[in-house]
Amino acid sequence: MPVTRRALGAALGVAALLLASACGVAGPAKPAAGRLSIVTSFYPLQYVAEQVAGRHADVTNLTKPGAEPHDLELTPRQVASLTTADLVVYEKRFQAAVDDAVDQSENDDVLDTSTVVPLQDHGPLGDENNPIGDHEVGNTNLDPHVWLDPNNMITIADAVADRLKDRDPDHAADYAHNAETLTNRLKALDTDYRDGLRDCRRTEFITSHAAFGYLAERYGLKQIAINGLSPDNEPSPARIAAVQQQIRTYDVTTIFYETLASPAVANSIAGDLGLKTDVLDPIEGITEKSRGHSYIAVMKSNLGALRKANGCR
Ligand SMILES: [Zn+2]
């Protein structure tokens with residue numbers, strides 16, 4: 001009899017559990033009595049889950065702080081944790097290992113955020129003469145970075161609250177209240193962005209990887225990315241020359257780099273042209289180097305950096 005993918009997945013899950021216990025490694029974090037266990041796939045989803053669940057859940061994030069979430073690999077223990085979680089929150093087509101592990105887990109308590117915030121194709125990256133290749137899951141141009149538009153975070157918060165109310169009706173009022181509190185903070189952040197970017201000398205900004213498509217679209221900016229949708233692509237000399245041409249055209253002052261990726265290319269381009277460098281954080285993880293310890297704090301730092309670079313009043 002052929003081994004189905006589903007059966008194989010279940011067998012792997014059991015093997016992972018056995019392996020974890022045989023090695024004396026603790027299994028997936030056991031939530032305190034009466035608390036739900038939520039597994040999220042990367043930081044912004046962890047942030048939403050923690051804010052909405054409050055004291056009613058323990059949230060475990062699959063992407064460790066300081067790790068880059070593109071190309072995440074999972075340990076057997078992490079794969080096993082998806083089977084037992086009360087809720088899994090992830091974004092399909094961003095992290096292939098998570099997609100596979102969710103399929104294997106056969107857990108029905110799963111929220112794929114791309115079902116409530118559909119991924120968009122922000123068109124060809126780079127320009128006509130120098131398109132940037134990309135190596136995203138499924139080799140599509142679908143942009144996974146929805147969380148950099150606060151309005152998308154509101155939609156995700158509502159979806160998480162709905163799932164938690166179903167799973168744990170006793171605390172439905174708390175989940176609704178927590179989601180409303182978070183929504184109000186995200187609306188205030190959206191207002192800060194609209195006001196802060198309304199009156200600027202330029203709308204173009206230079207980033208390392210193309211993480212800011214949703215943000216740019218929402219606030220009327222134009223992202224010029226040195227790399228494609230993944231941070232680990234190496235730009236070609238032709239691509240760097242094309243970016244330098246756009247820097248001159250738009251009189252750009254600042255080359256942005258990221259907290260989780262090397263600033264070498266940004267430094268080199270900025271040095272050649274006598275420009276400044278600064279951090280524009282795609283918020284793919286929070287570390288000691290992050291300019292803020294939460295999604296909202298780093299988004300505010302990003303707004304300050306954009307305002308400074310683009311000469312906003
Ligand atoms: Zn990214």
# chains A, B, ... in the order shown; residues from 1 in each chain; ligands from 1
call {"tool": "closest_atom_pairs", "arguments": {"of": "chain A", "to": "ligand 1", "cutoff": "8 Å", "atoms": "only C-alpha atoms and all ligand atoms", "output": "CSV"}}
result
residue,atom,partner,partner_atom_place_in_ligand_line,distance
A:Pro69,CA,ligand 1,1 (Zn),7.4
A:His70,CA,ligand 1,1 (Zn),6.4
A:Pro144,CA,ligand 1,1 (Zn),7.2
A:His145,CA,ligand 1,1 (Zn),6.2
A:His209,CA,ligand 1,1 (Zn),6.7
A:Ala210,CA,ligand 1,1 (Zn),7.0
A:Ala211,CA,ligand 1,1 (Zn),5.1
A:Leu229,CA,ligand 1,1 (Zn),6.1
A:Ser230,CA,ligand 1,1 (Zn),5.5
A:Pro231,CA,ligand 1,1 (Zn),6.2
A:Pro282,CA,ligand 1,1 (Zn),6.6
A:Glu284,CA,ligand 1,1 (Zn),6.7
call {"tool": "write_last_selection", "arguments": {"atoms": "N, CA and C atoms", "output": "short mmCIF file (atom, residue, chain, number, x, y, z; two decimals), in the first residue's frame"}}
result
data_model
loop_
_atom_site.label_atom_id
_atom_site.label_comp_id
_atom_site.auth_asym_id
_atom_site.auth_seq_id
_atom_site.Cartn_x
_atom_site.Cartn_y
_atom_site.Cartn_z
N PRO A 69 13.28 35.20 9.29
CA PRO A 69 12.19 34.25 9.09
C PRO A 69 12.09 33.64 7.69
N HIS A 70 12.60 34.34 6.67
CA HIS A 70 12.65 33.72 5.34
C HIS A 70 13.55 32.49 5.49
N PRO A 144 5.04 38.73 0.87
CA PRO A 144 4.54 38.24 2.16
C PRO A 144 4.45 39.31 3.27
N HIS A 145 5.01 40.52 3.06
CA HIS A 145 5.26 41.45 4.17
C HIS A 145 4.03 42.29 4.54
N HIS A 209 15.93 44.76 1.23
CA HIS A 209 15.06 43.84 0.51
C HIS A 209 13.66 44.42 0.43
N ALA A 210 12.87 43.92 -0.51
CA ALA A 210 11.62 44.57 -0.89
C ALA A 210 10.51 44.24 0.11
N ALA A 211 10.70 44.66 1.37
CA ALA A 211 9.75 44.31 2.42
C ALA A 211 8.64 45.35 2.59
N LEU A 229 12.47 40.10 -2.96
CA LEU A 229 11.59 39.88 -1.82
C LEU A 229 12.29 39.15 -0.67
N SER A 230 13.43 38.49 -0.95
CA SER A 230 14.18 37.80 0.10
C SER A 230 15.45 38.59 0.42
N PRO A 231 15.83 38.61 1.73
CA PRO A 231 17.00 39.40 2.10
C PRO A 231 18.32 38.79 1.64
N PRO A 282 12.26 45.81 8.75
CA PRO A 282 11.09 45.08 8.24
C PRO A 282 10.35 44.31 9.34
N GLU A 284 11.00 41.66 11.09
CA GLU A 284 10.92 40.21 10.92
C GLU A 284 11.43 39.51 12.17
#
call {"tool": "select_by_dssp", "arguments": {"residues": "segment 93-244 of chain A", "states": "alpha helix (DSSP H)", "output": "ChimeraX atom specification"}}
result
/A:96-105,150-167,172-196,213-219,237-244
call {"tool": "closest_residue", "arguments": {"among": "A:Ser105, A:Asn141, A:Thr191, A:Gln246", "to": "Gln120 of chain A", "atoms": "only C-alpha atoms"}}
result
A:Asn141
call {"tool": "residues_around", "arguments": {"residues": "segment 171-183 of chain A", "least_positions_apart": "4", "cutoff": "12 Å", "atoms": "only C-alpha atoms", "output": "VMD selection string"}}
result
chain A and resid 34 to 36 47 to 57 150 to 167 187 to 190 295 to 296
call {"tool": "atom_distance", "arguments": {"atom1": "atom CA of Asp112 of chain A", "atom2": "atom CA of Phe94 of chain A"}}
result
10.8 Å
call {"tool": "residues_around", "arguments": {"residues": "segment 265-278 of chain A", "least_positions_apart": "5", "cutoff": "8 Å", "atoms": "only C-alpha atoms", "output": "MDAnalysis selection string"}}
result
chainID A and resid 208 240 244 253:257 305
call {"tool": "atom_distance", "arguments": {"atom1": "atom CA of Gly66 of chain A", "atom2": "atom CA of Lys92 of chain A"}}
result
21.4 Å
call {"tool": "select_by_dssp", "arguments": {"residues": "segment 39-184 of chain A", "states": "strand (DSSP E)", "output": "ChimeraX atom specification"}}
result
/A:39-40,57-61,87-90,110-112,120-121,142-143
call {"tool": "closest_residue", "arguments": {"among": "A:Ser41, A:Thr259, A:Ser290, A:Thr84", "to": "Ala96 of chain A", "atoms": "only C-alpha atoms"}}
result
A:Ser41
call {"tool": "closest_residue", "arguments": {"among": "A:Thr83, A:Asn310, A:Ser262, A:Thr75", "to": "Asn107 of chain A", "atoms": "only C-alpha atoms"}}
result
A:Thr83
call {"tool": "atom_distance", "arguments": {"atom1": "atom CA of Ala101 of chain A", "atom2": "atom CA of Ser114 of chain A"}}
result
16.8 Å
call {"tool": "residues_around", "arguments": {"residues": "segment 194-204 of chain A", "least_positions_apart": "6", "cutoff": "6 Å", "atoms": "only C-alpha atoms", "output": "list of chain:residue names"}}
result
A:Leu221, A:Lys222, A:Gln223, A:Asn310, A:Gly311, A:Cys312, A:Arg313
